[in-house]
Each structure stands twice: as structure tokens, then as C-alpha cells.
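Trainee: Provided herewith: entry09.tsv, TSV, C-alpha atoms and all ligand atoms.
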```
chain	number	residue	atom	x	y	z
D	1	MET	CA	8.73	142.55	-146.54
D	2	ALA	CA	5.06	141.89	-145.75
D	3	ALA	CA	4.41	138.40	-144.47
D	4	ARG	CA	3.52	136.15	-147.41
D	5	SER	CA	0.01	134.72	-147.14
D	6	VAL	CA	0.28	131.03	-146.28
D	7	HIS	CA	-1.96	128.57	-148.09
D	8	ILE	CA	-2.94	125.24	-146.57
D	9	ILE	CA	-3.43	122.60	-149.26
D	10	PRO	CA	-4.61	119.16	-148.11
D	11	SER	CA	-3.36	116.31	-150.29
D	12	ILE	CA	-6.08	113.76	-150.98
D	13	LEU	CA	-3.46	111.02	-151.23
D	14	SER	CA	-4.06	110.39	-147.52
D	15	ALA	CA	-7.85	110.66	-147.77
D	16	ASP	CA	-10.36	107.80	-148.01
D	17	PHE	CA	-10.33	107.03	-151.75
D	18	ALA	CA	-13.77	105.45	-151.37
D	19	ASN	CA	-15.12	108.87	-150.32
D	20	LEU	CA	-13.15	111.56	-152.11
D	21	GLU	CA	-16.13	113.89	-152.44
D	22	ALA	CA	-16.46	113.95	-148.66
D	23	ALA	CA	-12.72	114.54	-148.36
D	24	VAL	CA	-12.66	117.62	-150.56
D	25	ARG	CA	-15.84	118.99	-149.02
D	26	ALA	CA	-14.26	118.59	-145.57
D	27	ALA	CA	-11.21	120.50	-146.80
D	28	GLU	CA	-13.47	123.22	-148.21
D	29	GLU	CA	-15.42	123.52	-144.95
D	30	ALA	CA	-12.18	123.59	-142.96
D	31	GLY	CA	-11.05	126.68	-144.86
D	32	ALA	CA	-8.35	125.02	-146.95
D	33	ASP	CA	-7.06	127.14	-149.82
D	34	ALA	CA	-6.92	124.30	-152.37
D	35	VAL	CA	-6.67	120.54	-152.55
D	36	GLN	CA	-3.79	118.64	-154.05
D	37	VAL	CA	-4.29	115.65	-156.33
D	38	ASP	CA	-1.19	113.45	-156.54
D	39	VAL	CA	-1.00	111.75	-159.94
D	40	MET	CA	1.49	108.87	-159.99
D	41	ASP	CA	2.25	106.49	-162.86
D	42	GLY	CA	4.35	103.76	-161.21
D	43	HIS	CA	7.33	104.77	-163.38
D	44	PHE	CA	8.47	108.21	-162.27
D	45	VAL	CA	7.60	107.18	-158.70
D	46	PRO	CA	7.13	103.66	-157.25
D	47	ASN	CA	3.37	104.04	-156.79
D	48	ILE	CA	0.21	104.31	-158.88
D	49	THR	CA	-2.64	106.54	-157.70
D	50	VAL	CA	-5.26	108.45	-159.69
D	51	GLY	CA	-5.56	110.23	-163.00
D	52	LEU	CA	-7.86	112.18	-165.28
D	53	PRO	CA	-11.26	110.75	-164.28
D	54	VAL	CA	-10.66	111.59	-160.61
D	55	VAL	CA	-9.59	115.16	-161.38
D	56	ALA	CA	-12.69	115.60	-163.54
D	57	ALA	CA	-14.91	114.12	-160.82
D	58	LEU	CA	-13.45	116.34	-158.11
D	59	ARG	CA	-13.86	119.36	-160.38
D	60	ARG	CA	-17.59	118.73	-160.32
D	61	VAL	CA	-17.88	118.62	-156.53
D	62	THR	CA	-15.70	121.41	-155.20
D	63	ARG	CA	-15.08	125.09	-155.82
D	64	LEU	CA	-11.58	124.81	-154.35
D	65	PRO	CA	-8.64	125.17	-156.74
D	66	LEU	CA	-7.28	121.78	-157.79
D	67	ASP	CA	-3.51	121.66	-157.45
D	68	VAL	CA	-2.53	118.70	-159.61
D	69	HIS	CA	0.95	117.27	-159.06
D	70	LEU	CA	2.12	115.13	-161.98
D	71	MET	CA	4.57	112.56	-160.70
D	72	ILE	CA	4.69	110.88	-164.07
D	73	GLU	CA	7.18	110.36	-166.87
D	74	ALA	CA	6.79	112.55	-169.98
D	75	PRO	CA	4.04	114.73	-168.49
D	76	ASP	CA	3.79	116.72	-171.76
D	77	ARG	CA	1.55	113.96	-173.04
D	78	TYR	CA	-1.16	114.83	-170.51
D	79	VAL	CA	-0.91	118.58	-169.83
D	80	ASP	CA	-3.85	119.47	-172.08
D	81	ALA	CA	-6.03	116.70	-170.68
D	82	PHE	CA	-5.40	117.61	-167.03
D	83	VAL	CA	-6.16	121.26	-167.59
D	84	GLU	CA	-9.27	120.25	-169.52
D	85	ALA	CA	-10.24	117.97	-166.61
D	86	GLY	CA	-10.09	120.91	-164.24
D	87	ALA	CA	-6.57	121.42	-162.90
D	88	ASN	CA	-6.01	125.02	-161.78
D	89	VAL	CA	-2.37	124.47	-160.88
D	90	LEU	CA	-0.42	121.87	-162.83
D	91	THR	CA	2.98	120.88	-161.51
D	92	VAL	CA	5.59	118.92	-163.45
D	93	HIS	CA	8.94	117.67	-162.23
D	94	VAL	CA	12.17	119.16	-163.50
D	95	GLU	CA	13.51	115.60	-163.55
D	96	ALA	CA	10.75	114.41	-165.91
D	97	CYS	CA	10.85	117.16	-168.55
D	98	CYS	CA	13.50	117.49	-171.24
D	99	HIS	CA	11.77	120.62	-172.65
D	100	LEU	CA	10.72	122.27	-169.41
D	101	HIS	CA	10.41	125.79	-170.78
D	102	ARG	CA	8.02	124.64	-173.49
D	103	THR	CA	6.02	122.59	-171.01
D	104	VAL	CA	5.67	125.50	-168.59
D	105	GLN	CA	4.73	127.89	-171.40
D	106	HIS	CA	2.09	125.45	-172.64
D	107	ILE	CA	0.51	125.03	-169.19
D	108	ARG	CA	0.22	128.80	-168.91
D	109	GLU	CA	-1.18	129.14	-172.44
D	110	LEU	CA	-3.92	126.70	-171.40
D	111	GLY	CA	-4.83	129.04	-168.54
D	112	ALA	CA	-3.50	127.06	-165.59
D	113	LEU	CA	-0.74	128.03	-163.17
D	114	ALA	CA	2.52	126.27	-163.99
D	115	GLY	CA	4.33	124.59	-161.11
D	116	VAL	CA	7.83	123.12	-161.30
D	117	ALA	CA	8.86	120.55	-158.69
D	118	LEU	CA	12.28	119.53	-157.42
D	119	ASN	CA	12.95	116.15	-155.81
D	120	PRO	CA	14.98	116.27	-152.59
D	121	ALA	CA	18.33	115.56	-154.30
D	122	THR	CA	17.74	117.98	-157.20
D	123	PRO	CA	19.66	121.21	-156.60
D	124	ALA	CA	17.95	124.60	-156.64
D	125	ILE	CA	20.24	125.73	-159.47
D	126	MET	CA	18.16	123.57	-161.83
D	127	LEU	CA	15.56	126.36	-161.65
D	128	GLN	CA	18.02	129.05	-162.73
D	129	ASP	CA	16.74	129.43	-166.29
D	130	ILE	CA	13.04	128.85	-165.67
D	131	LEU	CA	12.59	131.30	-162.77
D	132	HIS	CA	10.95	133.92	-165.00
D	133	ASP	CA	8.36	131.53	-166.35
D	134	VAL	CA	7.01	129.59	-163.38
D	135	ASP	CA	4.00	130.41	-161.23
D	136	VAL	CA	4.88	128.05	-158.35
D	137	VAL	CA	8.04	126.22	-157.29
D	138	VAL	CA	7.43	122.96	-155.46
D	139	VAL	CA	10.20	121.80	-153.14
D	140	MET	CA	9.65	118.16	-152.25
D	141	THR	CA	10.38	117.54	-148.59
D	142	VAL	CA	10.01	113.78	-148.98
D	143	ASN	CA	10.92	111.44	-151.81
D	144	PRO	CA	7.74	111.44	-153.91
D	145	GLY	CA	5.47	108.43	-154.05
D	146	PHE	CA	3.80	108.03	-150.69
D	147	GLY	CA	2.10	109.93	-147.90
D	148	GLY	CA	3.07	109.66	-144.26
D	149	GLN	CA	6.83	109.76	-144.81
D	150	ALA	CA	9.32	111.52	-142.56
D	151	PHE	CA	10.20	115.14	-143.34
D	152	ILE	CA	13.68	115.42	-144.85
D	153	GLU	CA	15.39	118.03	-142.66
D	154	SER	CA	18.27	118.62	-145.08
D	155	VAL	CA	15.87	120.17	-147.61
D	156	VAL	CA	15.19	123.25	-145.46
D	157	PRO	CA	18.31	125.15	-146.67
D	158	LYS	CA	17.18	124.46	-150.23
D	159	ILE	CA	13.89	126.22	-149.52
D	160	GLU	CA	15.92	129.23	-148.43
D	161	ARG	CA	18.07	129.03	-151.56
D	162	VAL	CA	15.05	128.84	-153.83
D	163	ARG	CA	13.41	131.78	-152.03
D	164	HIS	CA	16.61	133.80	-152.45
D	165	MET	CA	16.84	132.90	-156.15
D	166	LEU	CA	13.23	133.87	-156.79
D	167	ASP	CA	13.49	137.14	-154.87
D	168	ARG	CA	16.73	138.11	-156.61
D	169	ALA	CA	15.13	137.36	-159.99
D	170	GLY	CA	12.31	139.75	-159.18
D	171	ARG	CA	9.91	136.86	-158.66
D	172	SER	CA	9.03	137.44	-155.04
D	173	ASP	CA	5.41	136.95	-156.17
D	174	VAL	CA	6.10	133.26	-156.87
D	175	PRO	CA	5.17	131.05	-153.91
D	176	ILE	CA	7.27	128.09	-152.81
D	177	GLU	CA	5.09	125.07	-152.18
D	178	VAL	CA	6.45	122.38	-149.86
D	179	ASP	CA	5.18	118.87	-150.10
D	180	GLY	CA	5.82	115.94	-147.79
D	181	GLY	CA	5.97	115.53	-144.02
D	182	ILE	CA	4.31	118.90	-143.40
D	183	SER	CA	2.75	119.00	-139.93
D	184	LYS	CA	2.27	121.39	-137.02
D	185	ARG	CA	5.87	120.48	-136.08
D	186	THR	CA	7.51	121.18	-139.44
D	187	ALA	CA	5.23	123.95	-140.77
D	188	PRO	CA	6.87	126.81	-138.83
D	189	ARG	CA	10.33	125.82	-140.12
D	190	VAL	CA	9.37	125.72	-143.77
D	191	VAL	CA	7.46	129.01	-143.54
D	192	ALA	CA	10.44	130.65	-141.86
D	193	ALA	CA	12.62	129.32	-144.71
D	194	GLY	CA	10.39	130.98	-147.32
D	195	ALA	CA	7.63	128.52	-148.19
D	196	SER	CA	4.04	129.77	-148.30
D	197	TRP	CA	2.01	126.95	-149.87
D	198	LEU	CA	1.92	123.98	-147.51
D	199	VAL	CA	0.73	120.64	-148.82
D	200	ALA	CA	-0.28	118.25	-146.05
D	201	GLY	CA	-1.74	114.79	-146.51
D	202	SER	CA	-1.47	112.60	-143.43
D	203	ALA	CA	-1.36	115.58	-141.05
D	204	VAL	CA	-4.82	116.54	-142.35
D	205	TYR	CA	-6.62	113.36	-143.39
D	206	GLY	CA	-4.91	111.27	-140.73
D	207	HIS	CA	-5.68	113.67	-137.90
D	208	PRO	CA	-7.68	111.93	-135.13
D	209	ALA	CA	-9.83	115.03	-134.53
D	210	GLY	CA	-10.67	115.45	-138.22
D	211	VAL	CA	-9.88	117.78	-141.09
D	212	ARG	CA	-11.20	120.99	-139.58
D	213	GLU	CA	-9.06	120.62	-136.45
D	214	ALA	CA	-6.05	119.58	-138.51
D	215	VAL	CA	-6.24	122.70	-140.69
D	216	ARG	CA	-6.79	124.85	-137.61
D	217	GLU	CA	-3.74	123.33	-135.94
D	218	LEU	CA	-1.58	123.98	-138.99
D	219	ARG	CA	-2.68	127.60	-139.17
D	220	GLU	CA	-2.13	127.99	-135.43
D	221	ALA	CA	1.35	126.49	-135.76
D	222	ILE	CA	2.32	129.20	-138.24
D	223	GLY	CA	0.61	131.97	-136.30
D	224	GLN	CA	-2.29	132.44	-138.69
D	225	GLU	CA	-5.81	133.35	-137.67
D	226	THR	CA	-8.23	130.51	-138.31
D	227	GLY	CA	-11.00	130.88	-140.88
D	228	LYS	CA	-11.07	131.53	-144.59
D	229	GLY	CA	-9.46	134.06	-146.85
D	230	ASP	CA	-5.98	135.42	-147.31
D	231	ARG	CA	-3.93	136.06	-144.18
T	1	LIG	C1	4.17	112.46	-151.87
T	1	LIG	C2	3.06	113.39	-152.32
T	1	LIG	C3	2.64	114.30	-151.21
T	1	LIG	C4	2.02	113.51	-150.09
T	1	LIG	C5	2.17	114.30	-148.83
T	1	LIG	O1	4.68	111.81	-152.99
T	1	LIG	O2	3.49	114.19	-153.39
T	1	LIG	O3	1.69	115.26	-151.65
T	1	LIG	O4	0.68	113.27	-150.35
T	1	LIG	O5	1.75	113.45	-147.80
T	1	LIG	P1	2.22	113.73	-146.32
T	1	LIG	O6	1.76	115.13	-146.01
T	1	LIG	O7	1.51	112.67	-145.54
T	1	LIG	O8	3.72	113.60	-146.29
```
When written as C-alpha cells, how does the structure in this file appear?
Mentor:
Amino acid sequence: MAARSVHIIPSILSADFANLEAAVRAAEEAGADAVQVDVMDGHFVPNITVGLPVVAALRRVTRLPLDVHLMIEAPDRYVDAFVEAGANVLTVHVEACCHLHRTVQHIRELGALAGVALNPATPAIMLQDILHDVDVVVVMTVNPGFGGQAFIESVVPKIERVRHMLDRAGRSDVPIEVDGGISKRTAPRVVAAGASWLVAGSAVYGHPAGVREAVRELREAIGQETGKGDR
């Protein structure tokens, strides 16, 4: 099978919130494929971050796709508003949706890509009956809520299981996005397991040599040429 093109997606959660325009522009100039906006409500996860005004503001200042990760309870209430604000990819958690099929369908009807996320303890089988409807599967490799956490090693076999499920369902086009603790050390492992969209917060915005070098290092770690465009 041809190597899947790997996307590097900096998460602004680890950026300087007083200068988010500079953060997304740095990601753009570094050749990132998208930026991730982590929306947290203090209920679904023990943290509160940003919401609709920030997505709308970032939409105005970058051409990069906005990958919006809703770590909120009852995300159905805000799907329309986040797509309207500029989300290109909108991810909801399996654990937060009691009508997941309808939610995913609605995100797609609005013209955004529909992502479905699994927390570390949520088994891959929970995707069984939504495989044919999703555009992205997000496998959390930390417990959601904060940047800079340690990568959860035990999740790697789940990435393999999800990849196998998607491929067997004829959905080999659907990327697995991994989110949490992704660095030059862990990136090769998750790519080998079947992930192709890598979200990285602290490894990018916390890198002492800056965003450009951080993105270059991640691409180097997975054997990708540096620079823009699909690999
Ligand atoms: C965690 C967020 C992640 C986080 C990743 O709840 O969903 O996107 O920003 O941060 P790092 O890459 O620092 O683990």
C-alpha cells in the first residue's frame, strides 16, 4: 500500500494565547498542514480554553485548515456555530454524543469534515457502526484536557486496531489522527501503527528552536522531506 501522506497539525493549546495570530502564521510558514483548536468546556474535560470567537478570529488570519476538537459535553448544540465560525474539520467525542450518527451526518451536511475521537480507555469497537460515515478518527494518546502530558504507550495497539477496522471496512481513505504527547520520539511509532495526522502542541510551540525547526524535526523523524505539500 502506498505510504499514507502524513499531516503535521500544531495544536495552539501550547501557543502563546496573547499572540495567536503569530502562532498560526508561524505554523503556516513552517509548512504545517493545519492547525488544531482545542475547545474545552470544563465539564467534559477538567479545563476551559477557547471557543467560537477565537475560531472566527483565526479564520480571518490564516489560510490553513482549522481542525477544531470539541472536548465539550453535548457538542450538538454548537456544531452549526463552529462550522459557521470557520472550522474545516470538526471533531466530537464518542463519549459525549448519544446520537453520534446524526451528529456526524450533520457536520458533513454543513460542509465540514467529521471527526470522531476516542479517549484512551474507550475501545476501538465503539467505532464499529460509524466507520462508514466518518472523515477522520482521532485516537487520543493522552487523557484530554491539557498539553504537555506524557504519551500513553498502551494506546499504540489501539491505533493498529482502528487502522485495521477502517481498512477492512473499505475506509482506507480515512486518516487516523493522534493527539497528545506527539514528538520526534513518539511520531515514528504512531505512524508505523497507522496514524497519518499528527497533532502536536508542546513539541511545536514549546520547541526551543521555534516552530519551523519543530515541524522540520517531526517530518524528519517520520522520514518525510521538509517543505510544503503532500508527501
Ligand atoms: C489535549 C489536547 C491536545 C494537546 C496536545 O487535551 O487535545 O491537542 O493540545 O498537546 P501535546 O502535543 O503537548 O500533548
Trainee: Go through D:Pro157, D:Gly206, D:Pro123, D:Pro53 and flag the residue nearest ligand LIG 1 (chain T), using only C-alpha atoms and all ligand atoms for the distances.
Mentor: D:Gly206
Trainee: Can you build me a table of chain D residues sitting at most 6 Å from ligand LIG 1 (chain T), with the closest atom pair per residue and its distance in Å to one decimal, using only C-alpha atoms and all ligand atoms, sorted by chain and residue number, as JSON lines?
Mentor:
```
{"residue": "D:Ser11", "atom": "CA", "partner": "T:LIG1", "partner_atom": "O4", "distance": 5.1}
{"residue": "D:Leu13", "atom": "CA", "partner": "T:LIG1", "partner_atom": "O4", "distance": 4.8}
{"residue": "D:Asp38", "atom": "CA", "partner": "T:LIG1", "partner_atom": "O2", "distance": 5.7}
{"residue": "D:Pro144", "atom": "CA", "partner": "T:LIG1", "partner_atom": "O1", "distance": 3.2}
{"residue": "D:Gly145", "atom": "CA", "partner": "T:LIG1", "partner_atom": "O1", "distance": 3.6}
{"residue": "D:Phe146", "atom": "CA", "partner": "T:LIG1", "partner_atom": "O1", "distance": 4.5}
{"residue": "D:Gly147", "atom": "CA", "partner": "T:LIG1", "partner_atom": "O5", "distance": 3.5}
{"residue": "D:Gly148", "atom": "CA", "partner": "T:LIG1", "partner_atom": "O7", "distance": 3.6}
{"residue": "D:Gln149", "atom": "CA", "partner": "T:LIG1", "partner_atom": "O8", "distance": 5.2}
{"residue": "D:Asp179", "atom": "CA", "partner": "T:LIG1", "partner_atom": "O3", "distance": 5.3}
{"residue": "D:Gly180", "atom": "CA", "partner": "T:LIG1", "partner_atom": "O8", "distance": 3.5}
{"residue": "D:Gly181", "atom": "CA", "partner": "T:LIG1", "partner_atom": "O8", "distance": 3.7}
{"residue": "D:Ile182", "atom": "CA", "partner": "T:LIG1", "partner_atom": "O6", "distance": 5.2}
{"residue": "D:Ala200", "atom": "CA", "partner": "T:LIG1", "partner_atom": "O6", "distance": 3.7}
{"residue": "D:Gly201", "atom": "CA", "partner": "T:LIG1", "partner_atom": "O6", "distance": 3.6}
{"residue": "D:Ser202", "atom": "CA", "partner": "T:LIG1", "partner_atom": "O7", "distance": 3.7}
{"residue": "D:Ala203", "atom": "CA", "partner": "T:LIG1", "partner_atom": "O6", "distance": 5.9}
```
Trainee: Got a sec: who's within 8 Å of Leu52 of chain D, counting all atoms listed in the file, leaving out chain neighbours fewer than 2 positions off, as a PyMOL selection string?
Mentor: chain D and resi 50+54-56+81-82+85
Trainee: Sorted by chain and rising residue number, which residues of segment 111-177 of chain D lie within 6 Å of segment 88-97 of chain D, and what are their closest atom pairs and distances in Å to one decimal, counting all atoms listed in the file, as JSON lines?
Mentor:
```
{"residue": "D:Ala112", "atom": "CA", "partner": "D:Asn88", "partner_atom": "CA", "distance": 5.0}
{"residue": "D:Leu113", "atom": "CA", "partner": "D:Val89", "partner_atom": "CA", "distance": 4.5}
{"residue": "D:Ala114", "atom": "CA", "partner": "D:Leu90", "partner_atom": "CA", "distance": 5.4}
{"residue": "D:Gly115", "atom": "CA", "partner": "D:Thr91", "partner_atom": "CA", "distance": 4.0}
{"residue": "D:Val116", "atom": "CA", "partner": "D:Val92", "partner_atom": "CA", "distance": 5.2}
{"residue": "D:Ala117", "atom": "CA", "partner": "D:His93", "partner_atom": "CA", "distance": 4.6}
```
Trainee: How many Å lie between atom CA of Leu218 of chain D and atom CA of Asn119 of chain D, rounded to one decimal?
Mentor: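 Taking atom CA of Leu218 of chain D as the start and atom CA of Asn119 of chain D as the end point, the length is 23.6 Å.
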Trainee: Between atom CA of Ile9 of chain D and atom CA of Val199 of chain D, what is the spacing in Å?
Mentor: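 Straight-line distance from atom CA of Val199 of chain D to atom CA of Ile9 of chain D works out to 4.6 Å.
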Trainee: What is the atom CA of Met71 of chain D-atom CA of Ile152 of chain D distance in Å, reported with one decimal?
Mentor: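 Calculated distance between atom CA of Met71 of chain D and atom CA of Ile152 of chain D is 18.5 Å.
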Trainee: Find the axis-aligned box for segment 4-19 of chain D, covering all its listed atoms and adding 6 Å on each side, and write its centre and edge lengths in Å to one decimal as JSON.
Mentor:
```
{"center_x": -5.8, "center_y": 120.8, "center_z": -149.0, "size_x": 30.6, "size_y": 42.7, "size_z": 17.5}
```
Trainee: Would you mind listing what lies within 9 Å of Glu29 of chain D as a ChimeraX atom specification, with all atoms listed in the file counted and same-chain residues fewer than 5 positions away left out?
Mentor: /D:24,211-212
Trainee: Dump N, CA, C and O atoms of segment 139-153 of chain D from the given block, as a compact mmCIF listing (two decimals), in the first residue's frame.
Mentor:
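The result, stored in selection.txt:
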```txt
# COMPACT_ATOMS: atom_id res chain seq x y z
N VAL D 139 -7.57 9.31 17.67
CA VAL D 139 -7.22 8.43 18.79
C VAL D 139 -6.41 9.26 19.77
O VAL D 139 -5.29 9.70 19.46
N MET D 140 -7.01 9.54 20.92
CA MET D 140 -6.32 10.34 21.94
C MET D 140 -5.20 9.51 22.56
O MET D 140 -5.41 8.38 23.00
N THR D 141 -4.00 10.11 22.56
CA THR D 141 -2.85 9.41 23.14
C THR D 141 -2.43 10.05 24.46
O THR D 141 -1.34 9.77 24.98
N VAL D 142 -3.31 10.92 24.96
CA VAL D 142 -3.25 11.40 26.35
C VAL D 142 -4.71 11.52 26.80
O VAL D 142 -5.63 11.51 25.97
N ASN D 143 -4.90 11.68 28.12
CA ASN D 143 -6.25 11.99 28.59
C ASN D 143 -6.52 13.46 28.29
O ASN D 143 -5.73 14.33 28.69
N PRO D 144 -7.58 13.77 27.56
CA PRO D 144 -7.77 15.14 27.08
C PRO D 144 -7.91 16.16 28.20
O PRO D 144 -8.41 15.85 29.27
N GLY D 145 -7.42 17.35 27.91
CA GLY D 145 -7.59 18.47 28.85
C GLY D 145 -6.39 19.37 28.93
O GLY D 145 -6.52 20.57 29.19
N PHE D 146 -5.21 18.81 28.65
CA PHE D 146 -4.01 19.64 28.83
C PHE D 146 -2.94 19.27 27.81
O PHE D 146 -2.87 18.13 27.36
N GLY D 147 -2.09 20.23 27.49
CA GLY D 147 -0.93 19.95 26.67
C GLY D 147 0.22 19.50 27.55
O GLY D 147 0.17 19.61 28.77
N GLY D 148 1.27 18.99 26.92
CA GLY D 148 2.49 18.66 27.64
C GLY D 148 2.42 17.40 28.48
O GLY D 148 3.31 17.15 29.31
N GLN D 149 1.40 16.58 28.29
CA GLN D 149 1.30 15.34 29.07
C GLN D 149 2.13 14.23 28.43
O GLN D 149 2.46 14.30 27.24
N ALA D 150 2.35 13.18 29.20
CA ALA D 150 3.14 12.04 28.71
C ALA D 150 2.30 11.17 27.77
O ALA D 150 1.11 10.93 28.01
N PHE D 151 2.91 10.74 26.70
CA PHE D 151 2.29 9.83 25.72
C PHE D 151 1.90 8.54 26.42
O PHE D 151 2.68 7.98 27.20
N ILE D 152 0.68 8.07 26.16
CA ILE D 152 0.22 6.82 26.77
C ILE D 152 0.56 5.65 25.84
O ILE D 152 -0.10 5.44 24.82
N GLU D 153 1.60 4.93 26.19
CA GLU D 153 2.14 3.87 25.32
C GLU D 153 1.09 2.80 24.98
O GLU D 153 1.05 2.28 23.87
```
